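Colleague: To be precise about what I am sending: the file is called input.txt and holds compact mmCIF, C-alpha atoms and all ligand atoms.
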```
# COMPACT_ATOMS: atom_id res chain seq x y z
CA MET A 1 -83.24 -144.74 59.85
CA SER A 2 -82.83 -142.18 57.04
CA ASN A 3 -79.38 -141.09 55.83
CA ARG A 4 -77.40 -138.68 57.98
CA ILE A 5 -77.46 -135.07 56.78
CA TYR A 6 -74.15 -133.39 57.60
CA TYR A 7 -74.06 -129.68 58.22
CA THR A 8 -71.07 -129.05 55.94
CA LYS A 9 -69.05 -131.05 53.46
CA PRO A 10 -66.62 -129.63 50.89
CA SER A 11 -67.20 -129.91 47.15
CA ILE A 12 -64.14 -131.64 45.68
CA THR A 13 -64.10 -132.38 41.94
CA ASP A 14 -61.55 -133.94 39.56
CA LEU A 15 -60.05 -130.46 39.14
CA GLU A 16 -59.00 -130.23 42.82
CA VAL A 17 -57.69 -133.80 42.66
CA SER A 18 -55.65 -133.17 39.51
CA TYR A 19 -54.07 -129.96 40.86
CA ALA A 20 -53.26 -131.58 44.20
CA THR A 21 -51.77 -134.58 42.42
CA ASP A 22 -49.65 -132.32 40.23
CA ALA A 23 -48.42 -130.40 43.29
CA ALA A 24 -47.57 -133.64 45.09
CA LYS A 25 -45.69 -135.03 42.08
CA ASN A 26 -44.05 -131.95 40.63
CA GLY A 27 -44.39 -129.05 43.06
CA TRP A 28 -40.93 -129.22 44.57
CA GLY A 29 -37.57 -127.50 44.09
CA ASP A 30 -37.96 -124.50 41.79
CA ARG A 31 -41.70 -125.06 41.65
CA CYS A 32 -42.43 -125.32 45.38
CA TYR A 33 -44.24 -121.95 45.49
CA ASP A 34 -46.04 -122.11 42.11
CA TYR A 35 -49.51 -122.94 43.38
CA ILE A 36 -49.12 -120.63 46.40
CA ASN A 37 -48.29 -117.68 44.12
CA ARG A 38 -51.13 -118.58 41.78
CA PHE A 39 -53.61 -118.94 44.64
CA GLU A 40 -52.64 -115.58 46.14
CA ALA A 41 -52.96 -113.90 42.73
CA ALA A 42 -56.39 -115.44 42.10
CA PHE A 43 -57.63 -114.46 45.54
CA LYS A 44 -56.38 -110.87 45.23
CA GLN A 45 -58.13 -110.53 41.90
CA HIS A 46 -61.37 -111.98 43.23
CA LEU A 47 -61.40 -109.67 46.23
CA GLY A 48 -60.05 -106.56 44.53
CA VAL A 49 -57.14 -106.00 46.94
CA LYS A 50 -53.47 -105.26 46.34
CA TYR A 51 -51.76 -107.77 48.65
CA ALA A 52 -52.38 -111.29 49.93
CA ILE A 53 -50.39 -113.80 51.99
CA ALA A 54 -51.69 -117.38 52.13
CA THR A 55 -51.47 -118.88 55.63
CA SER A 56 -52.04 -122.15 57.46
CA SER A 57 -55.21 -120.79 59.08
CA CYS A 58 -57.34 -117.71 59.54
CA THR A 59 -56.29 -117.66 63.18
CA GLY A 60 -52.63 -117.42 62.10
CA ALA A 61 -53.45 -114.63 59.63
CA LEU A 62 -55.20 -112.68 62.42
CA HIS A 63 -52.31 -113.30 64.82
CA MET A 64 -49.71 -111.91 62.39
CA GLY A 65 -51.88 -108.97 61.31
CA MET A 66 -52.57 -107.97 64.90
CA ALA A 67 -48.88 -108.37 65.82
CA ALA A 68 -47.93 -106.16 62.86
CA LEU A 69 -50.35 -103.48 64.12
CA GLY A 70 -48.37 -103.50 67.36
CA ILE A 71 -51.16 -104.92 69.53
CA GLY A 72 -49.63 -106.08 72.80
CA PRO A 73 -49.82 -106.23 76.58
CA GLY A 74 -52.27 -103.79 78.14
CA ASP A 75 -54.10 -103.07 74.88
CA GLU A 76 -57.80 -103.63 74.25
CA VAL A 77 -59.43 -104.93 71.09
CA ILE A 78 -63.18 -104.52 70.61
CA MET A 79 -65.10 -107.41 69.05
CA ALA A 80 -68.59 -108.95 69.14
CA ASP A 81 -69.48 -111.24 72.03
CA THR A 82 -71.03 -113.57 69.45
CA ASN A 83 -68.22 -115.32 67.64
CA TRP A 84 -65.95 -118.33 67.34
CA ILE A 85 -63.01 -118.14 69.77
CA ALA A 86 -60.51 -118.03 66.87
CA THR A 87 -60.89 -114.25 66.65
CA ALA A 88 -60.27 -113.76 70.37
CA SER A 89 -57.33 -116.12 70.91
CA PRO A 90 -54.72 -114.14 68.92
CA ILE A 91 -55.65 -111.07 70.99
CA VAL A 92 -55.05 -113.06 74.18
CA HIS A 93 -51.80 -114.59 72.84
CA LEU A 94 -50.49 -111.07 72.18
CA GLY A 95 -51.17 -110.16 75.81
CA ALA A 96 -54.07 -107.85 74.96
CA LYS A 97 -57.66 -108.04 76.13
CA PRO A 98 -60.72 -108.75 73.99
CA ILE A 99 -63.59 -106.39 74.86
CA PHE A 100 -66.87 -108.11 74.06
CA VAL A 101 -69.75 -105.92 72.91
CA ASP A 102 -73.29 -106.74 71.88
CA ILE A 103 -74.58 -107.61 68.43
CA LEU A 104 -77.48 -106.18 66.45
CA GLU A 105 -80.71 -108.12 66.63
CA ASP A 106 -81.13 -108.58 62.88
CA SER A 107 -77.59 -109.10 61.51
CA TRP A 108 -76.03 -110.77 64.60
CA CYS A 109 -72.95 -108.60 63.90
CA LEU A 110 -71.27 -105.79 65.90
CA ASP A 111 -73.54 -103.00 67.14
CA PRO A 112 -71.70 -99.79 66.12
CA ILE A 113 -73.21 -97.84 69.04
CA GLN A 114 -71.84 -100.39 71.50
CA VAL A 115 -68.47 -100.29 69.73
CA GLU A 116 -68.15 -96.54 70.12
CA ALA A 117 -69.24 -96.72 73.77
CA ALA A 118 -66.52 -99.30 74.49
CA ILE A 119 -63.62 -97.23 73.15
CA THR A 120 -61.00 -96.27 75.76
CA PRO A 121 -57.46 -94.86 75.49
CA LYS A 122 -56.28 -98.49 75.46
CA THR A 123 -58.32 -99.51 72.38
CA LYS A 124 -55.95 -100.64 69.61
CA ALA A 125 -58.36 -102.17 67.09
CA ILE A 126 -61.95 -103.09 66.28
CA VAL A 127 -62.57 -106.53 64.75
CA ALA A 128 -65.58 -106.75 62.47
CA VAL A 129 -66.68 -110.36 62.00
CA HIS A 130 -69.18 -110.93 59.22
CA LEU A 131 -71.09 -113.65 61.04
CA TYR A 132 -72.42 -116.55 58.95
CA GLY A 133 -71.95 -114.41 55.80
CA ASN A 134 -74.05 -111.53 57.18
CA LEU A 135 -72.34 -108.18 56.83
CA CYS A 136 -71.28 -105.76 59.56
CA GLU A 137 -72.29 -102.14 59.13
CA MET A 138 -68.90 -101.30 57.66
CA ASP A 139 -69.61 -97.65 56.78
CA ARG A 140 -70.48 -96.84 60.39
CA LEU A 141 -67.60 -98.87 61.82
CA LEU A 142 -65.07 -97.27 59.47
CA VAL A 143 -66.32 -93.79 60.43
CA ILE A 144 -65.89 -94.66 64.12
CA GLY A 145 -62.41 -96.05 63.39
CA GLN A 146 -61.45 -92.86 61.58
CA LYS A 147 -62.87 -90.60 64.27
CA TYR A 148 -60.74 -92.24 66.97
CA GLY A 149 -57.77 -93.28 64.81
CA ILE A 150 -58.38 -96.97 65.45
CA PRO A 151 -57.95 -99.58 62.69
CA VAL A 152 -60.94 -101.76 61.76
CA ILE A 153 -59.94 -105.36 61.02
CA GLU A 154 -62.28 -107.62 59.03
CA ASP A 155 -62.43 -111.27 60.00
CA ALA A 156 -64.18 -112.44 56.84
CA ALA A 157 -63.67 -116.16 57.52
CA GLU A 158 -67.39 -116.77 57.06
CA ALA A 159 -68.02 -114.18 54.37
CA ILE A 160 -66.42 -115.20 51.10
CA GLY A 161 -68.97 -114.18 48.47
CA SER A 162 -70.53 -111.47 50.65
CA VAL A 163 -70.59 -107.99 49.11
CA TYR A 164 -71.25 -104.69 50.87
CA HIS A 165 -72.39 -101.93 48.49
CA GLY A 166 -70.09 -103.14 45.72
CA LYS A 167 -67.14 -103.99 47.98
CA ARG A 168 -66.28 -107.52 48.91
CA ALA A 169 -66.16 -108.55 52.57
CA GLY A 170 -62.55 -108.52 53.72
CA SER A 171 -61.46 -105.74 51.35
CA MET A 172 -62.65 -102.71 53.33
CA GLY A 173 -60.72 -102.72 56.62
CA LYS A 174 -57.07 -102.12 57.52
CA PHE A 175 -56.66 -105.81 56.73
CA GLY A 176 -58.93 -108.80 56.20
CA THR A 177 -58.61 -112.50 56.92
CA PHE A 178 -60.29 -115.63 55.55
CA SER A 179 -60.41 -119.29 56.56
CA PHE A 180 -60.25 -122.27 54.22
CA HIS A 181 -61.03 -124.86 56.88
CA GLY A 182 -63.00 -127.85 55.60
CA THR A 183 -66.28 -126.39 56.82
CA LYS A 184 -65.94 -123.11 54.91
CA THR A 185 -67.35 -122.23 51.49
CA LEU A 186 -63.91 -122.46 49.86
CA THR A 187 -61.55 -125.00 51.34
CA THR A 188 -57.93 -126.12 51.25
CA GLY A 189 -58.43 -128.59 54.12
CA GLU A 190 -56.89 -126.22 56.61
CA GLY A 191 -55.74 -122.79 55.50
CA GLY A 192 -56.31 -119.09 55.49
CA ILE A 193 -55.23 -115.82 53.93
CA PHE A 194 -54.24 -112.31 55.00
CA VAL A 195 -55.27 -109.48 52.65
CA THR A 196 -54.64 -105.73 52.71
CA ASN A 197 -54.26 -102.64 50.54
CA ASP A 198 -51.63 -101.19 52.88
CA ALA A 199 -48.12 -101.65 51.42
CA GLU A 200 -46.29 -101.10 54.71
CA LEU A 201 -48.51 -103.48 56.67
CA TYR A 202 -48.09 -106.08 53.92
CA GLU A 203 -44.28 -105.86 54.13
CA ASN A 204 -44.41 -106.24 57.91
CA VAL A 205 -46.69 -109.27 57.80
CA LEU A 206 -44.64 -110.81 54.99
CA THR A 207 -41.53 -110.54 57.14
CA LEU A 208 -43.33 -111.90 60.19
CA SER A 209 -44.70 -114.79 58.11
CA ASN A 210 -41.21 -115.81 57.02
CA HIS A 211 -39.78 -116.29 60.52
CA GLY A 212 -38.89 -112.62 60.65
CA ARG A 213 -36.66 -112.67 57.57
CA SER A 214 -37.28 -109.50 55.55
CA ARG A 215 -37.37 -109.57 51.75
CA GLY A 216 -34.30 -107.39 51.43
CA GLN A 217 -32.15 -109.53 53.71
CA THR A 218 -29.33 -111.08 51.70
CA LYS A 219 -27.73 -113.10 54.50
CA GLN A 220 -29.00 -116.69 54.62
CA PHE A 221 -30.80 -117.88 57.76
CA TRP A 222 -30.70 -114.35 59.19
CA PRO A 223 -34.02 -113.37 60.79
CA ASP A 224 -34.40 -109.63 61.36
CA MET A 225 -36.97 -110.16 64.11
CA VAL A 226 -38.81 -112.95 65.89
CA GLY A 227 -41.61 -113.94 63.52
CA PHE A 228 -44.19 -116.65 62.99
CA LYS A 229 -44.53 -119.81 60.96
CA TYR A 230 -48.06 -119.88 59.57
CA LYS A 231 -47.49 -120.82 55.94
CA MET A 232 -49.80 -122.59 53.55
CA SER A 233 -48.26 -125.55 51.71
CA ASN A 234 -48.09 -125.75 47.91
CA ILE A 235 -50.33 -128.84 47.96
CA GLN A 236 -53.04 -127.03 49.93
CA ALA A 237 -52.71 -124.05 47.57
CA ALA A 238 -53.20 -126.40 44.61
CA ILE A 239 -56.59 -127.42 45.99
CA GLY A 240 -57.27 -123.73 46.60
CA CYS A 241 -56.47 -122.84 42.98
CA ALA A 242 -59.07 -125.33 41.77
CA GLN A 243 -61.60 -124.00 44.30
CA MET A 244 -60.88 -120.41 43.15
CA GLU A 245 -61.69 -121.40 39.55
CA ARG A 246 -65.04 -122.59 40.93
CA ILE A 247 -65.63 -119.73 43.38
CA ASP A 248 -68.71 -118.34 41.61
CA GLU A 249 -70.25 -121.81 41.47
CA LEU A 250 -69.44 -122.49 45.15
CA VAL A 251 -70.94 -119.20 46.34
CA SER A 252 -74.01 -119.31 44.11
CA ARG A 253 -74.84 -122.81 45.33
CA LYS A 254 -74.60 -121.57 48.96
CA ARG A 255 -76.97 -118.77 48.07
CA GLU A 256 -79.30 -121.15 46.29
CA VAL A 257 -79.53 -123.48 49.31
CA PHE A 258 -80.12 -120.46 51.55
CA ALA A 259 -82.89 -119.18 49.25
CA LYS A 260 -84.64 -122.55 49.39
CA TYR A 261 -84.62 -122.50 53.18
CA ARG A 262 -85.67 -118.87 53.31
CA LYS A 263 -88.61 -119.44 50.98
CA GLN A 264 -89.99 -122.19 53.19
CA LEU A 265 -89.07 -121.05 56.67
CA THR A 266 -89.74 -117.34 56.65
CA GLN A 267 -93.39 -118.22 56.03
CA ILE A 268 -93.40 -119.07 59.73
CA SER A 269 -94.16 -115.77 61.39
CA SER A 270 -91.89 -116.19 64.42
CA VAL A 271 -88.77 -117.22 62.44
CA SER A 272 -86.08 -114.91 61.11
CA MET A 273 -83.06 -115.86 59.03
CA ASN A 274 -79.83 -114.27 57.76
CA PRO A 275 -80.70 -110.79 56.46
CA GLU A 276 -79.88 -109.41 53.03
CA SER A 277 -80.74 -105.74 52.96
CA GLU A 278 -80.63 -103.30 50.03
CA GLY A 279 -77.19 -103.10 48.39
CA ILE A 280 -75.90 -106.24 50.05
CA VAL A 281 -75.11 -109.75 48.82
CA ASN A 282 -75.02 -112.38 51.56
CA GLY A 283 -72.50 -115.15 50.79
CA ALA A 284 -74.80 -117.38 52.88
CA TRP A 285 -72.11 -119.51 54.47
CA MET A 286 -74.42 -120.71 57.21
CA PRO A 287 -78.21 -120.50 56.89
CA THR A 288 -79.49 -119.89 60.40
CA VAL A 289 -82.94 -119.73 61.94
CA VAL A 290 -83.71 -117.59 64.97
CA PHE A 291 -87.06 -118.00 66.73
CA ASP A 292 -88.78 -115.05 68.39
CA LEU A 293 -88.62 -115.09 72.19
CA ASP A 294 -92.34 -115.78 72.57
CA ALA A 295 -92.27 -118.80 70.23
CA ASN A 296 -90.83 -120.74 73.15
CA ILE A 297 -88.58 -122.94 71.01
CA SER A 298 -85.24 -123.53 72.70
CA ARG A 299 -81.86 -124.53 71.35
CA GLU A 300 -82.16 -127.80 73.26
CA LYS A 301 -85.54 -128.54 71.72
CA LEU A 302 -84.12 -127.82 68.26
CA GLN A 303 -81.03 -129.96 68.85
CA MET A 304 -83.14 -132.88 70.05
CA ALA A 305 -85.55 -132.68 67.13
CA PHE A 306 -82.72 -132.59 64.57
CA SER A 307 -80.74 -135.39 66.13
CA ALA A 308 -83.88 -137.55 66.32
CA ASP A 309 -84.10 -137.21 62.53
CA ASN A 310 -80.35 -137.94 62.00
CA ILE A 311 -79.58 -134.36 60.96
CA ASP A 312 -76.46 -132.46 61.98
CA ALA A 313 -77.43 -128.98 63.10
CA ARG A 314 -75.02 -126.65 64.84
CA VAL A 315 -75.72 -124.45 67.81
CA PHE A 316 -75.49 -120.70 67.25
CA PHE A 317 -72.20 -119.44 68.78
CA TRP A 318 -72.31 -119.18 72.56
CA PRO A 319 -71.41 -115.71 73.84
CA LEU A 320 -67.62 -115.78 74.28
CA SER A 321 -68.00 -113.87 77.53
CA ASP A 322 -69.90 -116.89 78.90
CA LEU A 323 -66.75 -119.05 78.65
CA ASP A 324 -64.81 -119.80 81.82
CA MET A 325 -61.67 -117.96 80.71
CA PHE A 326 -63.44 -114.62 80.25
CA SER A 327 -65.62 -112.51 82.54
CA SER A 328 -69.25 -112.62 81.61
CA VAL A 329 -70.96 -109.59 80.09
CA GLU A 330 -74.61 -110.44 80.48
CA SER A 331 -75.57 -106.91 79.53
CA ASN A 332 -74.87 -108.04 75.94
CA VAL A 333 -78.55 -108.88 75.72
CA ASN A 334 -78.73 -110.05 72.10
CA ALA A 335 -75.52 -112.08 72.26
CA TRP A 336 -76.86 -113.89 75.31
CA SER A 337 -80.45 -114.32 74.16
CA ILE A 338 -80.28 -115.21 70.45
CA PRO A 339 -78.20 -118.42 70.78
CA LYS A 340 -80.79 -119.86 73.17
CA ARG A 341 -83.44 -119.95 70.42
CA SER A 342 -81.44 -120.50 67.23
CA ILE A 343 -79.85 -123.20 65.10
CA ASN A 344 -77.53 -123.42 62.04
CA LEU A 345 -78.88 -125.53 59.18
CA PRO A 346 -76.98 -127.97 56.92
CA SER A 347 -75.97 -126.24 53.67
CA TYR A 348 -73.26 -128.17 51.84
CA HIS A 349 -72.82 -127.95 48.07
CA GLU A 350 -74.35 -131.29 47.18
CA ILE A 351 -77.31 -131.27 49.58
CA SER A 352 -80.41 -132.55 47.76
CA ASP A 353 -83.83 -130.90 47.63
CA GLU A 354 -85.23 -133.90 49.51
CA ASP A 355 -82.76 -133.37 52.33
CA ILE A 356 -83.59 -129.65 52.47
CA GLU A 357 -87.25 -130.70 52.77
CA ARG A 358 -86.34 -133.02 55.62
CA VAL A 359 -84.60 -130.17 57.46
CA THR A 360 -87.44 -127.71 56.98
CA GLY A 361 -89.88 -130.47 57.95
CA VAL A 362 -88.26 -130.77 61.39
CA ILE A 363 -88.75 -127.06 62.01
CA LYS A 364 -92.29 -126.97 60.71
CA LYS A 365 -93.23 -129.94 62.89
CA LEU A 366 -91.75 -128.27 65.98
CA TYR A 367 -93.63 -125.12 65.33
CA ARG A 368 -96.99 -126.81 65.04
C1 LIG A 401 -63.57 -120.47 60.97
C2 LIG A 401 -63.35 -119.15 61.61
C3 LIG A 401 -62.08 -118.75 62.05
C4 LIG A 401 -60.94 -119.70 62.17
O1 LIG A 401 -60.43 -120.13 61.01
P1 LIG A 401 -59.21 -121.16 61.06
O2 LIG A 401 -58.82 -121.24 59.63
O3 LIG A 401 -59.77 -122.44 61.59
O4 LIG A 401 -58.19 -120.58 61.91
C5 LIG A 401 -61.90 -117.45 62.49
N1 LIG A 401 -62.92 -116.59 62.56
C6 LIG A 401 -64.16 -116.95 62.19
C7 LIG A 401 -65.24 -115.93 62.27
C8 LIG A 401 -64.41 -118.24 61.72
O5 LIG A 401 -65.64 -118.61 61.38
```
Give the structure from this file in structure tokens form.
Ligand SMILES: *Cc1c(COP(=O)(O)O)cnc(C)c1O
Modeller:
Amino acid sequence: MSNRIYYTKPSITDLEVSYATDAAKNGWGDRCYDYINRFEAAFKQHLGVKYAIATSSCTGALHMGMAALGIGPGDEVIMADTNWIATASPIVHLGAKPIFVDILEDSWCLDPIQVEAAITPKTKAIVAVHLYGNLCEMDRLLVIGQKYGIPVIEDAAEAIGSVYHGKRAGSMGKFGTFSFHGTKTLTTGEGGIFVTNDAELYENVLTLSNHGRSRGQTKQFWPDMVGFKYKMSNIQAAIGCAQMERIDELVSRKREVFAKYRKQLTQISSVSMNPESEGIVNGAWMPTVVFDLDANISREKLQMAFSADNIDARVFFWPLSDLDMFSSVESNVNAWSIPKRSINLPSYHEISDEDIERVTGVIKKLYR
């Protein structure tokens, strides 16, 4: 049997190892925040935002940001039905209700018309998730947010490297969040970050992130409110600092792998892949193929064909409203239909051209 092709695998060089080693040996006492501060500074500069707080996960960053916006029991938060549950769970933990709306057929991201139609007096936020590196229509969503006085949050966990008309994903909303889980383009093992340009929101989240102890508090062990504990460790941040030095390389390799797939697979007339329209750069976290309805190629058929060839391929996100803990919204036609005829392709940094050929070969064979 041929070697297994994994769908993701981080790129860890001697640089990451040397920084992590230094943090483990020396990053204590006075120096216990050095790499964290450096990582936050590098990330802010990369994104072009004023404030950043490194966290233990993207989910934690979303939880604190939403708490700081005052989202709570009885409130509604609008998000796409197509997504990983991590965006919905903080909403539920805060006692609010996620409202699942449909996605656009080409970008697989929030449909702004559906967003506007879902707004009620209870709506407290709109979460724009840039799925697989594809960008939401931020201009339209921000206009809707402004019109109704509702903040637009960007969950950019999958969109490091994506740029929307000159602005980086995660830098346009009320706040943005990223994930550095081992499957993401930039990794710290587990980890995340909260970013914003809003000074007041930053102060609130900073206090929440420090068990509710505000910066100005001079009394020791004196929390000013009940907060959270979602911090990134200095050792994780050390790995992150090395990855940030390599961010352009990490993103351009993702884009290169995506381009190789796109060149071969979009020749097939009934296949579409992640879009990249005028004025947009797709960070290409997860190259994905979607078959037209009439091609008659199902998710199950795709999964079987890939596993027969020892290739890891991931299913397109199930509609969240299909899960047992939520009520189903089958009127979200695209969110319910697209996953049934789609698959995510392996795209890690060191994937070889031969392995890319093997992956495209599976699809070409199925199609014939
Ligand atoms: C990966 C991911 C998350 C969760 O990130 P964690 O760091 O694992 O909490 C959240 N939202 C989206 C869209 C993701 O892809």
Colleague: Within 8 Å of segment 248-266 of chain A, which residues of segment 69-187 of chain A show up? Give each one with its shortest atom-to-atom distance in Å (one decimal) and the two atoms involved, counting only C-alpha atoms, rows by chain then rising residue number, as JSON lines.
Modeller:
```
{"residue": "A:Ile160", "atom": "CA", "partner": "A:Val251", "partner_atom": "CA", "distance": 7.7}
{"residue": "A:Gly161", "atom": "CA", "partner": "A:Val251", "partner_atom": "CA", "distance": 5.8}
{"residue": "A:Thr185", "atom": "CA", "partner": "A:Leu250", "partner_atom": "CA", "distance": 6.7}
{"residue": "A:Leu186", "atom": "CA", "partner": "A:Leu250", "partner_atom": "CA", "distance": 7.3}
```
Colleague: If you count all atoms listed in the file, which residues fall within 7 Å of Ile280 of chain A, apart from same-chain ones fewer than 4 positions away, as a list in words?
Modeller: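 Non-adjacent residues within range: Val163, Tyr164, His165 and Glu276 of chain A.
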Colleague: Take the residues that were just selected and, keeping C-alpha atoms, output them as an mmCIF file, in the frame of the given file.
Modeller:
```
data_model
loop_
_atom_site.group_PDB
_atom_site.id
_atom_site.type_symbol
_atom_site.label_atom_id
_atom_site.label_comp_id
_atom_site.auth_asym_id
_atom_site.auth_seq_id
_atom_site.Cartn_x
_atom_site.Cartn_y
_atom_site.Cartn_z
ATOM 1 C CA VAL A 163 -70.590 -107.990 49.110
ATOM 2 C CA TYR A 164 -71.250 -104.690 50.870
ATOM 3 C CA HIS A 165 -72.390 -101.930 48.490
ATOM 4 C CA GLU A 276 -79.880 -109.410 53.030
#
```
Colleague: To one decimal in Å, tell me the separation between atom CA of Arg341 of chain A and atom CA of Trp285 of chain A.
Modeller: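 So the two atoms, atom CA of Arg341 of chain A and atom CA of Trp285 of chain A, lie 19.6 Å apart.
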Colleague: Could the residues that lie within 7 Å of ligand LIG 401 (chain A), counting all atoms listed in the file, be listed as a PyMOL selection string?
Modeller: chain A and resi 57-60+83-84+86-87+129+131+155-158+179-181+190-192
Colleague: Got a sec: who's within 9 Å of Ser214 of chain A, counting only C-alpha atoms, leaving out chain neighbours fewer than 3 positions off, as a PyMOL selection string?
Modeller: chain A and resi 203-204+206-208+210-211+217-218+222-225
Colleague: May I have the residues within 12 Å of Glu76 of chain A as a list in words, using all atoms listed in the file and disregarding those fewer than 2 positions away in the same chain?
Modeller: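 Using all atoms listed in the file, the neighbours found are Met66, Gly70, Ile71, Gly72, Pro73, Gly74, Ile78, Met79, Ala88, Ile91, Val92, Leu94, Gly95, Ala96, Lys97, Pro98, Ile99, Phe100, Ala118, Ile119, Thr120, Pro121, Lys122, Thr123, Lys124, Ala125, Ile126, Val127 and Ile150 of chain A.
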Colleague: One decimal, in Å: what's the spacing between atom CA of Pro90 of chain A and atom CA of Lys174 of chain A?
Modeller: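 According to the coordinates, atom CA of Pro90 of chain A and atom CA of Lys174 of chain A are separated by 16.7 Å.
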Colleague: Between A:Ala238, A:Pro339, A:His349, A:Ser209, single out the one closest to Ala67 of chain A, counting all atoms listed in the file.
Modeller: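 Comparing A:Ala238, A:Pro339, A:His349, A:Ser209 against Ala67 of chain A, the winner is A:Ser209.
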Colleague: Taking (-57.5, -108.0, 54.0) in the file's own coordinates, collect the residues within 8 Å, counting all atoms listed in the file, and hand them back as JSON, numbers by chain.
Modeller: {"A": [49, 51, 52, 153, 154, 170, 171, 172, 173, 174, 175, 176, 177, 194, 195, 196, 197]}
Colleague: Taking C-alpha atoms for each residue, export the selection above as a PDB file, keeping the file's coordinate frame.
Modeller:
```
ATOM      1  CA  VAL A  49     -57.140-106.000  46.940  1.00  0.00           C
ATOM      2  CA  TYR A  51     -51.760-107.770  48.650  1.00  0.00           C
ATOM      3  CA  ALA A  52     -52.380-111.290  49.930  1.00  0.00           C
ATOM      4  CA  ILE A 153     -59.940-105.360  61.020  1.00  0.00           C
ATOM      5  CA  GLU A 154     -62.280-107.620  59.030  1.00  0.00           C
ATOM      6  CA  GLY A 170     -62.550-108.520  53.720  1.00  0.00           C
ATOM      7  CA  SER A 171     -61.460-105.740  51.350  1.00  0.00           C
ATOM      8  CA  MET A 172     -62.650-102.710  53.330  1.00  0.00           C
ATOM      9  CA  GLY A 173     -60.720-102.720  56.620  1.00  0.00           C
ATOM     10  CA  LYS A 174     -57.070-102.120  57.520  1.00  0.00           C
ATOM     11  CA  PHE A 175     -56.660-105.810  56.730  1.00  0.00           C
ATOM     12  CA  GLY A 176     -58.930-108.800  56.200  1.00  0.00           C
ATOM     13  CA  THR A 177     -58.610-112.500  56.920  1.00  0.00           C
ATOM     14  CA  PHE A 194     -54.240-112.310  55.000  1.00  0.00           C
ATOM     15  CA  VAL A 195     -55.270-109.480  52.650  1.00  0.00           C
ATOM     16  CA  THR A 196     -54.640-105.730  52.710  1.00  0.00           C
ATOM     17  CA  ASN A 197     -54.260-102.640  50.540  1.00  0.00           C
TER      18      ASN A 197
END
```
Colleague: Separation of atom CA of Arg213 of chain A and atom CA of Asn234 of chain A, in Å?
Modeller: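 These two atoms are separated by 19.9 Å.
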Colleague: Go through A:Trp108, A:Tyr230, A:Phe43, A:Tyr7 one by one, measure the shortest atom-to-atom distance of each to Val333 of chain A using all atoms listed in the file, and give the residue with the smallest value.
Modeller: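 Counting all atoms listed in the file, the residue closest to Val333 of chain A is A:Trp108.
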Colleague: Around the point (-78.6, -123.1, 68.4), in the coordinates given by the file, pick out the residues reaching within 6 Å, counting all atoms listed in the file, and return them as a list in words.
Modeller: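 Selection result: Arg299, Val315, Phe316, Pro339, Ser342 and Ile343 of chain A.
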Colleague: Please identify all polymer residues within 10 Å of Thr82 of chain A, counting all atoms listed in the file, omitting same-chain residues fewer than 5 positions from it, and present them as a PyMOL selection string.
Modeller: chain A and resi 100-103+108-110+129+131+316-321+332+334-336+338-339
Colleague: Applying 12 Å and all atoms listed in the file, which residues near Thr21 of chain A remain after dropping the ones on its own chain fewer than 3 positions away? List them as an MDAnalysis selection string.
Modeller: chainID A and resid 14:18 24:27 35 234:239 242
Colleague: Just checking: using all atoms listed in the file, which residue out of A:Val289, A:Gly240, A:Gln45, A:Gly279 ends up closest to Glu137 of chain A?
Modeller: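 Distance minimum relative to Glu137 of chain A lands on A:Gly279.
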Colleague: Which is closest to Lys364 of chain A among A:Ser272, A:Gln267, A:Ser277, A:Ser331, if we use all atoms listed in the file?
Modeller: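 Of the candidates, the smallest distance to Lys364 of chain A is held by A:Gln267.
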